[in-house]
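Participant: File start_16.pdb below, PDB, C-alpha atoms and all ligand atoms:
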ATOM      1  CA  MET A   1       0.000   0.000   0.000
ATOM      2  CA  ALA A   2       1.274   3.415  -0.918
ATOM      3  CA  GLU A   3       2.210   5.557   2.031
ATOM      4  CA  LEU A   4       0.737   8.993   2.337
ATOM      5  CA  GLN A   5       3.479  11.533   2.354
ATOM      6  CA  GLU A   6       3.310  15.082   3.500
ATOM      7  CA  VAL A   7       4.358  17.388   0.739
ATOM      8  CA  GLN A   8       5.055  20.991   1.453
ATOM      9  CA  ILE A   9       3.735  23.287  -1.216
ATOM     10  CA  THR A  10       4.891  26.848  -1.417
ATOM     11  CA  GLU A  11       2.330  28.907  -3.220
ATOM     12  CA  GLU A  12       3.919  31.045  -5.818
ATOM     13  CA  LYS A  13       1.981  33.893  -7.222
ATOM     14  CA  PRO A  14       4.382  36.742  -7.664
ATOM     15  CA  LEU A  15       3.398  40.257  -8.532
ATOM     16  CA  LEU A  16       1.770  40.475 -11.948
ATOM     17  CA  PRO A  17       3.493  42.410 -14.694
ATOM     18  CA  GLY A  18       2.740  46.055 -14.074
ATOM     19  CA  GLN A  19       2.409  45.421 -10.336
ATOM     20  CA  THR A  20       5.421  47.057  -8.765
ATOM     21  CA  PRO A  21       6.148  47.006  -5.052
ATOM     22  CA  GLU A  22       5.397  50.383  -3.526
ATOM     23  CA  ALA A  23       8.283  52.543  -2.421
ATOM     24  CA  ALA A  24       9.310  52.038   1.180
ATOM     25  CA  LYS A  25      10.625  54.559   3.658
ATOM     26  CA  THR A  26      12.522  53.459   6.735
ATOM     27  CA  HIS A  27      12.490  55.558   9.937
ATOM     28  CA  SER A  28      13.873  55.258  13.452
ATOM     29  CA  VAL A  29      12.381  56.795  16.602
ATOM     30  CA  GLU A  30      13.765  57.065  20.088
ATOM     31  CA  THR A  31      11.701  55.453  22.826
ATOM     32  CA  PRO A  32      12.267  55.064  26.566
ATOM     33  CA  TYR A  33      13.721  51.615  25.765
ATOM     34  CA  GLY A  34      16.033  52.609  22.925
ATOM     35  CA  SER A  35      15.439  53.299  19.281
ATOM     36  CA  VAL A  36      13.129  51.285  17.069
ATOM     37  CA  THR A  37      13.183  51.054  13.273
ATOM     38  CA  PHE A  38      10.123  50.649  11.089
ATOM     39  CA  THR A  39       9.426  50.743   7.379
ATOM     40  CA  VAL A  40       6.363  52.344   5.843
ATOM     41  CA  TYR A  41       4.900  51.197   2.528
ATOM     42  CA  GLY A  42       2.164  53.118   0.753
ATOM     43  CA  THR A  43       0.479  56.341   1.802
ATOM     44  CA  PRO A  44      -2.048  56.883   4.601
ATOM     45  CA  LYS A  45      -5.603  56.438   3.357
ATOM     46  CA  PRO A  46      -8.163  58.784   4.895
ATOM     47  CA  LYS A  47     -10.390  57.149   7.528
ATOM     48  CA  ARG A  48      -8.549  53.826   7.251
ATOM     49  CA  PRO A  49      -6.338  52.238   9.861
ATOM     50  CA  ALA A  50      -2.739  51.366   9.056
ATOM     51  CA  ILE A  51      -1.650  47.736   8.858
ATOM     52  CA  LEU A  52       1.003  47.258  11.547
ATOM     53  CA  THR A  53       3.177  44.147  11.432
ATOM     54  CA  TYR A  54       5.504  42.636  14.000
ATOM     55  CA  HIS A  55       7.757  39.730  13.043
ATOM     56  CA  ASP A  56       8.825  36.611  14.960
ATOM     57  CA  VAL A  57      12.191  35.770  16.558
ATOM     58  CA  GLY A  58      14.989  35.046  14.087
ATOM     59  CA  LEU A  59      13.330  37.112  11.370
ATOM     60  CA  ASN A  60      12.889  40.742  10.461
ATOM     61  CA  TYR A  61       9.966  42.388   8.745
ATOM     62  CA  LYS A  62      11.217  41.426   5.282
ATOM     63  CA  SER A  63      12.058  37.789   5.940
ATOM     64  CA  CYS A  64       8.797  37.407   7.858
ATOM     65  CA  PHE A  65       6.325  39.298   5.700
ATOM     66  CA  GLN A  66       7.680  39.864   2.210
ATOM     67  CA  PRO A  67       6.248  36.629   0.701
ATOM     68  CA  LEU A  68       2.809  37.499   2.074
ATOM     69  CA  PHE A  69       2.755  41.195   1.268
ATOM     70  CA  GLN A  70       4.163  40.680  -2.216
ATOM     71  CA  PHE A  71       1.795  37.821  -3.010
ATOM     72  CA  GLY A  72      -0.243  38.708  -6.100
ATOM     73  CA  ASP A  73      -3.726  38.420  -4.613
ATOM     74  CA  MET A  74      -2.626  40.355  -1.559
ATOM     75  CA  GLN A  75      -2.175  43.505  -3.620
ATOM     76  CA  GLU A  76      -5.871  44.278  -3.948
ATOM     77  CA  ILE A  77      -6.068  44.246  -0.150
ATOM     78  CA  ILE A  78      -2.965  46.134   0.849
ATOM     79  CA  GLN A  79      -3.266  48.849  -1.751
ATOM     80  CA  ASN A  80      -6.081  50.193   0.429
ATOM     81  CA  PHE A  81      -3.850  50.541   3.481
ATOM     82  CA  VAL A  82      -0.617  52.134   4.515
ATOM     83  CA  ARG A  83       1.643  49.435   6.043
ATOM     84  CA  VAL A  84       3.984  49.939   8.969
ATOM     85  CA  HIS A  85       6.455  47.104   9.450
ATOM     86  CA  VAL A  86       8.278  47.269  12.771
ATOM     87  CA  ASP A  87      11.673  45.634  13.205
ATOM     88  CA  ALA A  88      12.454  44.621  16.772
ATOM     89  CA  PRO A  89      15.568  46.506  17.995
ATOM     90  CA  GLY A  90      18.753  45.148  16.425
ATOM     91  CA  MET A  91      16.829  43.052  13.866
ATOM     92  CA  GLU A  92      16.760  45.636  11.075
ATOM     93  CA  GLU A  93      18.957  45.035   8.045
ATOM     94  CA  GLY A  94      22.511  46.161   8.731
ATOM     95  CA  ALA A  95      21.920  46.517  12.502
ATOM     96  CA  PRO A  96      25.149  46.616  14.495
ATOM     97  CA  VAL A  97      25.670  43.980  17.190
ATOM     98  CA  PHE A  98      24.651  45.331  20.618
ATOM     99  CA  PRO A  99      27.506  45.896  23.058
ATOM    100  CA  LEU A 100      28.214  43.148  25.588
ATOM    101  CA  GLY A 101      25.884  43.424  28.575
ATOM    102  CA  TYR A 102      23.193  45.266  26.608
ATOM    103  CA  GLN A 103      19.844  44.632  28.284
ATOM    104  CA  TYR A 104      17.423  43.691  25.514
ATOM    105  CA  PRO A 105      13.891  45.101  26.085
ATOM    106  CA  SER A 106      11.302  42.680  27.457
ATOM    107  CA  LEU A 107       8.323  41.800  25.242
ATOM    108  CA  ASP A 108       6.229  44.190  27.345
ATOM    109  CA  GLN A 109       8.739  46.959  26.714
ATOM    110  CA  LEU A 110       8.754  46.160  22.988
ATOM    111  CA  ALA A 111       4.967  46.553  23.093
ATOM    112  CA  ASP A 112       5.364  49.850  24.933
ATOM    113  CA  MET A 113       7.533  51.157  22.085
ATOM    114  CA  ILE A 114       4.665  50.860  19.611
ATOM    115  CA  PRO A 115       2.838  54.048  20.724
ATOM    116  CA  CYS A 116       6.054  55.992  19.981
ATOM    117  CA  VAL A 117       5.987  54.675  16.402
ATOM    118  CA  LEU A 118       2.317  55.528  15.982
ATOM    119  CA  GLN A 119       2.688  58.959  17.557
ATOM    120  CA  TYR A 120       5.597  59.713  15.242
ATOM    121  CA  LEU A 121       3.435  58.793  12.242
ATOM    122  CA  ASN A 122       0.355  60.399  13.784
ATOM    123  CA  PHE A 123      -1.673  57.177  13.348
ATOM    124  CA  SER A 124      -4.283  56.325  15.935
ATOM    125  CA  THR A 125      -5.823  53.061  14.706
ATOM    126  CA  VAL A 126      -4.134  49.980  13.323
ATOM    127  CA  ILE A 127      -4.850  46.461  12.141
ATOM    128  CA  GLY A 128      -2.139  44.341  13.738
ATOM    129  CA  VAL A 129      -0.540  41.405  11.929
ATOM    130  CA  GLY A 130       1.911  39.526  14.124
ATOM    131  CA  VAL A 131       3.715  36.186  13.963
ATOM    132  CA  GLY A 132       4.881  34.310  17.070
ATOM    133  CA  ALA A 133       6.691  36.733  19.386
ATOM    134  CA  GLY A 134       5.336  39.555  17.215
ATOM    135  CA  ALA A 135       1.771  38.349  17.830
ATOM    136  CA  TYR A 136       2.458  38.417  21.587
ATOM    137  CA  ILE A 137       3.870  41.944  21.365
ATOM    138  CA  LEU A 138       0.877  43.223  19.390
ATOM    139  CA  SER A 139      -1.539  41.506  21.787
ATOM    140  CA  ARG A 140       0.225  43.082  24.748
ATOM    141  CA  TYR A 141       0.008  46.448  23.028
ATOM    142  CA  ALA A 142      -3.705  45.932  22.285
ATOM    143  CA  LEU A 143      -4.308  45.130  25.974
ATOM    144  CA  THR A 144      -2.828  48.396  27.189
ATOM    145  CA  GLY A 145      -3.415  51.118  24.729
ATOM    146  CA  LEU A 146      -4.540  50.454  21.248
ATOM    147  CA  THR A 147      -6.325  53.631  20.411
ATOM    148  CA  SER A 148      -5.052  56.145  22.919
ATOM    149  CA  SER A 149      -1.837  58.014  23.227
ATOM    150  CA  ILE A 150       0.041  57.663  26.520
ATOM    151  CA  PRO A 151      -1.212  61.062  27.819
ATOM    152  CA  GLU A 152      -4.811  60.084  27.000
ATOM    153  CA  MET A 153      -4.376  56.739  28.761
ATOM    154  CA  ILE A 154      -3.008  58.511  31.807
ATOM    155  CA  LEU A 155      -5.886  61.008  31.739
ATOM    156  CA  GLY A 156      -8.292  58.040  31.547
ATOM    157  CA  HIS A 157      -6.622  56.667  34.671
ATOM    158  CA  LEU A 158      -6.854  59.973  36.539
ATOM    159  CA  PHE A 159     -10.367  61.082  35.581
ATOM    160  CA  SER A 160     -13.695  59.464  34.707
ATOM    161  CA  GLN A 161     -15.008  59.496  31.131
ATOM    162  CA  GLU A 162     -17.735  61.939  32.221
ATOM    163  CA  GLU A 163     -15.119  64.317  33.594
ATOM    164  CA  LEU A 164     -12.999  64.030  30.448
ATOM    165  CA  SER A 165     -15.893  64.636  28.074
ATOM    166  CA  GLY A 166     -17.074  67.565  30.248
ATOM    167  CA  ASN A 167     -13.674  69.124  29.427
ATOM    168  CA  SER A 168     -13.802  71.493  32.387
ATOM    169  CA  GLU A 169     -11.028  73.983  33.068
ATOM    170  CA  LEU A 170      -9.484  71.465  35.430
ATOM    171  CA  ILE A 171      -9.383  68.765  32.739
ATOM    172  CA  GLN A 172      -7.914  71.197  30.209
ATOM    173  CA  LYS A 173      -5.303  72.222  32.752
ATOM    174  CA  TYR A 174      -4.250  68.640  33.541
ATOM    175  CA  ARG A 175      -4.380  67.590  29.879
ATOM    176  CA  ASN A 176      -1.949  70.448  29.158
ATOM    177  CA  ILE A 177       0.283  69.558  32.081
ATOM    178  CA  ILE A 178       0.590  65.963  30.878
ATOM    179  CA  THR A 179       0.711  66.351  27.095
ATOM    180  CA  ARG A 180       3.267  69.160  27.284
ATOM    181  CA  ALA A 181       5.362  67.734  30.090
ATOM    182  CA  PRO A 182       9.044  68.036  29.176
ATOM    183  CA  ASN A 183       9.568  64.805  31.143
ATOM    184  CA  LEU A 184       6.808  62.880  29.335
ATOM    185  CA  ASP A 185       9.245  60.017  28.687
ATOM    186  CA  ASN A 186       9.816  59.706  32.436
ATOM    187  CA  ILE A 187       6.074  59.859  33.084
ATOM    188  CA  GLU A 188       5.686  57.000  30.627
ATOM    189  CA  LEU A 189       8.211  54.912  32.565
ATOM    190  CA  TYR A 190       6.273  55.484  35.792
ATOM    191  CA  TRP A 191       3.055  54.613  33.900
ATOM    192  CA  ASN A 192       4.616  51.380  32.641
ATOM    193  CA  SER A 193       5.737  50.401  36.119
ATOM    194  CA  TYR A 194       2.223  51.094  37.401
ATOM    195  CA  ASN A 195       0.767  48.867  34.684
ATOM    196  CA  ASN A 196       3.181  46.099  35.630
ATOM    197  CA  ARG A 197       2.328  46.323  39.345
ATOM    198  CA  ARG A 198       1.831  43.221  41.456
ATOM    199  CA  ASP A 199      -1.402  42.599  43.311
ATOM    200  CA  LEU A 200      -1.229  43.726  46.929
ATOM    201  CA  ASN A 201      -2.987  40.464  47.869
ATOM    202  CA  PHE A 202      -4.794  41.932  50.855
ATOM    203  CA  GLU A 203      -6.995  39.452  52.677
ATOM    204  CA  ARG A 204      -9.418  40.480  55.369
ATOM    205  CA  GLY A 205      -8.468  38.554  58.474
ATOM    206  CA  GLY A 206      -5.474  37.074  56.693
ATOM    207  CA  ASP A 207      -1.789  37.661  57.205
ATOM    208  CA  ILE A 208      -1.518  40.186  54.403
ATOM    209  CA  THR A 209      -3.552  43.184  55.369
ATOM    210  CA  LEU A 210      -2.787  46.628  56.697
ATOM    211  CA  LYS A 211      -2.598  46.667  60.479
ATOM    212  CA  CYS A 212      -2.388  50.461  60.778
ATOM    213  CA  PRO A 213      -5.286  52.954  60.642
ATOM    214  CA  VAL A 214      -6.270  53.633  57.038
ATOM    215  CA  MET A 215      -8.431  56.337  55.513
ATOM    216  CA  LEU A 216      -9.620  55.230  52.091
ATOM    217  CA  VAL A 217     -11.222  57.924  49.923
ATOM    218  CA  VAL A 218     -12.794  57.583  46.499
ATOM    219  CA  GLY A 219     -15.051  59.781  44.400
ATOM    220  CA  ASP A 220     -18.397  58.171  43.608
ATOM    221  CA  GLN A 221     -17.664  58.858  39.924
ATOM    222  CA  ALA A 222     -14.012  57.885  40.024
ATOM    223  CA  PRO A 223     -12.692  55.679  37.205
ATOM    224  CA  HIS A 224     -11.444  53.096  39.708
ATOM    225  CA  GLU A 225     -14.249  53.318  42.241
ATOM    226  CA  ASP A 226     -14.879  49.549  42.185
ATOM    227  CA  ALA A 227     -11.225  48.795  42.928
ATOM    228  CA  VAL A 228     -11.266  51.064  45.987
ATOM    229  CA  VAL A 229     -14.545  49.536  47.218
ATOM    230  CA  GLU A 230     -12.974  46.090  46.803
ATOM    231  CA  CYS A 231      -9.840  47.229  48.624
ATOM    232  CA  ASN A 232     -12.020  48.426  51.519
ATOM    233  CA  SER A 233     -13.674  44.995  51.663
ATOM    234  CA  LYS A 234     -10.248  43.424  52.175
ATOM    235  CA  LEU A 235      -9.069  45.748  54.933
ATOM    236  CA  ASP A 236      -9.617  45.408  58.658
ATOM    237  CA  PRO A 237     -12.906  47.276  59.286
ATOM    238  CA  THR A 238     -11.813  48.246  62.791
ATOM    239  CA  GLN A 239      -8.827  50.089  61.368
ATOM    240  CA  THR A 240     -10.329  51.490  58.185
ATOM    241  CA  SER A 241     -12.264  54.669  57.525
ATOM    242  CA  PHE A 242     -13.885  54.572  54.115
ATOM    243  CA  LEU A 243     -15.246  57.706  52.503
ATOM    244  CA  LYS A 244     -17.019  57.608  49.187
ATOM    245  CA  MET A 245     -17.326  61.219  48.152
ATOM    246  CA  ALA A 246     -20.498  62.313  46.445
ATOM    247  CA  ASP A 247     -20.305  64.293  43.202
ATOM    248  CA  SER A 248     -16.632  63.562  42.998
ATOM    249  CA  GLY A 249     -14.567  62.085  40.182
ATOM    250  CA  GLY A 250     -11.096  60.648  40.045
ATOM    251  CA  GLN A 251      -9.132  63.310  41.893
ATOM    252  CA  PRO A 252     -11.069  64.517  44.961
ATOM    253  CA  GLN A 253      -7.963  66.240  46.326
ATOM    254  CA  LEU A 254      -8.177  68.583  43.307
ATOM    255  CA  THR A 255     -11.932  69.022  43.059
ATOM    256  CA  GLN A 256     -13.058  68.761  46.692
ATOM    257  CA  PRO A 257     -10.107  69.803  48.868
ATOM    258  CA  GLY A 258     -12.451  71.199  51.523
ATOM    259  CA  LYS A 259     -14.358  67.955  52.061
ATOM    260  CA  LEU A 260     -11.169  65.980  52.012
ATOM    261  CA  THR A 261      -9.580  68.284  54.594
ATOM    262  CA  GLU A 262     -12.585  67.777  56.820
ATOM    263  CA  ALA A 263     -12.402  64.011  56.494
ATOM    264  CA  PHE A 264      -8.662  64.047  57.147
ATOM    265  CA  LYS A 265      -9.195  66.068  60.347
ATOM    266  CA  TYR A 266     -11.609  63.460  61.640
ATOM    267  CA  PHE A 267      -9.271  60.666  60.695
ATOM    268  CA  LEU A 268      -6.449  62.359  62.616
ATOM    269  CA  GLN A 269      -8.768  62.975  65.497
ATOM    270  CA  GLY A 270      -9.665  59.285  65.535
ATOM    271  CA  MET A 271      -5.992  58.616  66.132
ATOM    272  CA  GLY A 272      -5.912  61.203  68.924
ATOM    273  CA  TYR A 273      -3.868  63.769  67.076
ATOM    274  CA  MET A 274      -6.324  66.676  67.193
ATOM    275  CA  ALA A 275      -8.303  68.042  70.092
ATOM    276  CA  SER A 276     -12.069  67.872  69.589
ATOM    277  CA  SER A 277     -12.424  71.575  70.504
ATOM    278  CA  CYS A 278     -10.199  72.362  67.568
ATOM    279  CA  MET A 279     -12.241  69.993  65.400
ATOM    280  CA  THR A 280     -15.510  71.688  66.263
ATOM    281  CA  ARG A 281     -14.072  75.092  65.510
ATOM    282  CA  LEU A 282     -12.598  73.923  62.205
ATOM    283  CA  SER A 283     -15.821  72.190  61.260
ATOM    284  CA  ARG A 284     -17.861  75.315  61.922
ATOM    285  CA  SER A 285     -15.672  77.335  59.628
ATOM    286  CA  ARG A 286     -16.498  74.891  56.805
ATOM    287  CA  THR A 287     -20.260  74.722  57.206
ATOM    288  CA  ALA A 288     -21.112  76.185  53.816
ATOM    289  CA  SER A 289     -19.187  73.793  51.643
ATOM    290  CA  LEU A 290     -20.507  70.519  53.068
ATOM    291  CA  THR A 291     -23.654  70.233  51.060
ATOM    292  CA  SER A 292     -23.601  67.005  49.105
ATOM    293  CA  ALA A 293     -24.123  63.460  50.240
ATOM    294  CA  ALA A 294     -21.535  60.758  50.526
ATOM    295  CA  SER A 295     -22.386  57.093  50.681
ATOM    296  CA  ILE A 296     -21.100  54.841  53.383
ATOM    297  CA  ASP A 297     -19.545  51.429  53.215
ATOM    298  CA  GLY A 298     -21.976  48.544  53.733
ATOM    299  CA  ASN A 299     -20.009  47.437  56.778
ATOM    300  CA  ARG A 300     -20.938  50.572  58.616
ATOM    301  CA  SER A 301     -21.687  48.830  61.855
ATOM    302  CA  ARG A 302     -18.280  47.251  61.992
ATOM    303  CA  SER A 303     -16.065  49.761  60.280
ATOM    304  CA  ARG A 304     -14.959  53.217  61.110
ATOM    305  CA  THR A 305     -16.855  55.383  58.688
ATOM    306  CA  LEU A 306     -16.693  58.982  57.675
ATOM    307  CA  SER A 307     -19.972  60.145  56.305
ATOM    308  CA  GLN A 308     -21.446  63.324  55.044
ATOM    309  CA  SER A 309     -25.171  63.831  54.952
ATOM    310  CA  SER A 310     -26.888  66.295  52.703
ATOM    311  CA  GLU A 311     -29.924  66.744  54.948
ATOM    312  CA  SER A 312     -28.238  67.571  58.198
ATOM    313  CA  GLY A 313     -24.908  68.762  56.910
ATOM    314  CA  THR A 314     -23.266  66.588  59.519
ATOM    315  CA  LEU A 315     -20.002  64.808  59.214
ATOM    316  CA  SER A 316     -19.318  61.975  61.557
ATOM    317  CA  SER A 317     -16.350  59.866  62.421
ATOM    318  CA  GLY A 318     -15.857  57.087  64.838
ATOM    319  CA  PRO A 319     -13.313  54.655  66.044
ATOM    320  CA  PRO A 320     -14.779  51.194  66.709
ATOM    321  CA  GLY A 321     -17.578  51.352  69.231
ATOM    322  CA  HIS A 322     -17.368  55.116  69.354
ATOM    323  CA  THR A 323     -18.977  57.502  66.945
ATOM    324  CA  MET A 324     -18.598  61.192  67.133
ATOM    325  CA  GLU A 325     -20.955  63.536  65.362
ATOM    326  CA  VAL A 326     -20.240  67.181  64.815
ATOM    327  CA  SER A 327     -22.828  69.519  63.404
ATOM    328  CA  CYS A 328     -21.452  71.994  60.989
TER
HETATM  329  C1  LIG B 401       4.472  45.795   1.731
HETATM  330  O1  LIG B 401       4.123  46.117   0.595
HETATM  331  O2  LIG B 401       3.855  46.120   2.738
HETATM  332  C2  LIG B 401       5.722  44.967   1.865
HETATM  333  C3  LIG B 401       6.613  44.887   0.836
HETATM  334  C4  LIG B 401       7.768  44.162   1.006
HETATM  335  C5  LIG B 401       8.036  43.514   2.191
HETATM  336  C6  LIG B 401       7.109  43.583   3.223
HETATM  337  C7  LIG B 401       5.964  44.303   3.055
END
Before we go any further, please render this structure as structure tokens.
Facilitator:
Amino acid sequence: MAELQEVQITEEKPLLPGQTPEAAKTHSVETPYGSVTFTVYGTPKPKRPAILTYHDVGLNYKSCFQPLFQFGDMQEIIQNFVRVHVDAPGMEEGAPVFPLGYQYPSLDQLADMIPCVLQYLNFSTVIGVGVGAGAYILSRYALTGLTSSIPEMILGHLFSQEELSGNSELIQKYRNIITRAPNLDNIELYWNSYNNRRDLNFERGGDITLKCPVMLVVGDQAPHEDAVVECNSKLDPTQTSFLKMADSGGQPQLTQPGKLTEAFKYFLQGMGYMASSCMTRLSRSRTASLTSAASIDGNRSRSRTLSQSSESGTLSSGPPGHTMEVSC
């Protein structure tokens, strides 16, 4: 009986006569992790994303993608798109060998270089085509910031979508501070470290939880409100004061400094650092600004809570088994 044999067939359908490969332009940009080289084929097409490729290990963009992108039938597709082919650092044709001891960027860092390429080209949307390691890098990039620039991602971390679309003076001010920061590259490094953070692994009643008094504050319209509520659920309720601030977004220290000051005073008082006579006087001086409601953690009976009530204008604080109310 004849044995079945696997035969490898390489499809050959080269460019048709008259089909010439489009001119390519190679660029390099500096990134926080070193420079990266990429080659652009074609011209940007209005309202269309760019095709962005990332090759596998042992290859570069040409050895990885040329047979596909120069395949005859492929032309009717790619002629509608500008193509950006990234070479991983040191993989571009003619790249010098890195000096001994050179720390090659991690795959996450390679992914973090992609926004620099797209910002340089002023492209905001892409269709990613990756092979092997390149597919990982593009996936990692898609997980963190496909459509936004680094400043926009950071703004989305700091403020809620409602705050950002409201575009108040405060938002404009902070957008300016971040987008025009001369140390934006450093900010990006801090941002990357934040995104690579480890879980704190708090466990209520477990070994890993904060043993010291904690005041946890979050705006009720903060972008990470859920995470702060969850954090509160994992802290020791007898040590934790949780304040969810009404009508407050991502940065209550900027938008509601008065309320936050008040809450901080009560927190300090709970630890015995401020005399109650002083507290009453300070509270009185702030009567006018305490007008909106704040919700209280569900564990009110067990936890130290700071609450603000719209009806009475009272703000209360209490260590376990002891609640103090001050009218203001
Ligand atoms: C392109 O047309 O996108 C292309 C051409 C040659 C190699 C790789 C890609």
Participant: Please write as a ChimeraX atom specification the full residue list that the PyMOL selection byres (((not hetatm)) within 12 of (chain B and resi 401)) yields on this file.
Facilitator: /A:14-15,19-26,38-43,50-55,60-72,74-87,129
Participant: Atom CA of A:Met245 to atom CA of A:Met271: how many Å, to one decimal?
Facilitator: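 Between atom CA of A:Met245 and atom CA of A:Met271 the gap works out to 21.4 Å.
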Participant: What is the atom CA of A:Ala111-atom CA of A:Ser160 distance in Å, reported with one decimal?
Facilitator: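 So the answer is 25.5 Å.
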Participant: Report, in Å with one decimal, the straight-line distance from atom CA of A:Gln239 to atom CA of A:Phe202.
Facilitator: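 Rounded to one decimal, the two atoms are 13.9 Å apart.
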Participant: Out of A:Ser139, A:Asn192, A:Gln221, A:Ser28, which residue has the shortest atom-to-atom distance to A:Tyr120 when counting all atoms listed in the file?
Facilitator: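 Between A:Ser139, A:Asn192, A:Gln221, A:Ser28, the residue approaching A:Tyr120 most closely is A:Ser28.
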Participant: For the provided coordinates, the residues matched by the PyMOL selection byres (((chain A and resi 110) around 9) and not hetatm) should be stated as a list in words.
Facilitator: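 On this input, the PyMOL selection byres (((chain A and resi 110) around 9) and not hetatm) captures Tyr33, Val36, Ala88, Pro89, Pro105, Ser106, Leu107, Asp108, Gln109, Ala111, Asp112, Met113, Ile114, Ile137 and Tyr141 of chain A.
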Participant: Give me the residues within 10 Å of A:Lys234 as a VMD selection string, counting all atoms listed in the file and dropping any in the same chain fewer than 6 places off.
Facilitator: chain A and resid 201 to 206 208 to 210 228
Participant: Excluding A:Lys211 and its own-chain neighbours fewer than 6 positions away, which residues fall within 10 Å of it when counting all atoms listed in the file? Please give them as a compact mmCIF listing (two decimals) with C-alpha atoms, in the coordinates of the input.
Facilitator:
# COMPACT_ATOMS: atom_id res chain seq x y z
CA LEU A 235 -9.07 45.75 54.93
CA ASP A 236 -9.62 45.41 58.66
CA THR A 238 -11.81 48.25 62.79
CA GLN A 239 -8.83 50.09 61.37
CA THR A 240 -10.33 51.49 58.18
Participant: Show which residues sit within 12 Å of stretch 178-184 of chain A, as a VMD selection string. Count only C-alpha atoms, and ignore same-chain residues fewer than 4 positions away.
Facilitator: chain A and resid 31 to 32 116 149 to 156 158 171 to 174 188 to 191
Participant: Can you work out which one of A:Ala263, A:Val214, A:Leu243, A:Val57 has the shortest atom-to-atom distance to A:Gly134, counting only C-alpha atoms?
Facilitator: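 Closest residue, counting only C-alpha atoms: A:Val57.
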Participant: Taking only C-alpha atoms into account, which of A:Leu268, A:Ile187, A:Leu121, A:Leu260 comes nearest A:Pro213?
Facilitator: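 Looking at the shortest contact to A:Pro213, the residue is A:Leu268.
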Participant: Closest to A:Lys265 among A:Met215, A:Gly94, A:Ser233, A:Pro252, using only C-alpha atoms?
Facilitator: A:Met215
Participant: For A:Thr255, which residue among A:Glu93, A:Asp56, A:Glu169, A:Asp185 is the nearest when counting only C-alpha atoms?
Facilitator: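 Among the listed residues, the smallest separation from A:Thr255 belongs to A:Glu169.
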Participant: Report the centre and edge lengths, in Å to one decimal, of an axis-aligned box enclosing every atom of stretch 108-126 of chain A listed in the file, padded by 6 Å on each side, as lines of an AutoDock Vina configuration file.
Facilitator:
center_x = 1.5
center_y = 52.3
center_z = 19.8
size_x = 26.6
size_y = 28.2
size_z = 27.1
Participant: May I have the protein, DNA and RNA residues with an atom at most 6 Å from (-7.3, 64.1, 39.2), counting all atoms listed in the file in the file's coordinates, returned as an MDAnalysis selection string?
Facilitator: chainID A and resid 158:159 250:251
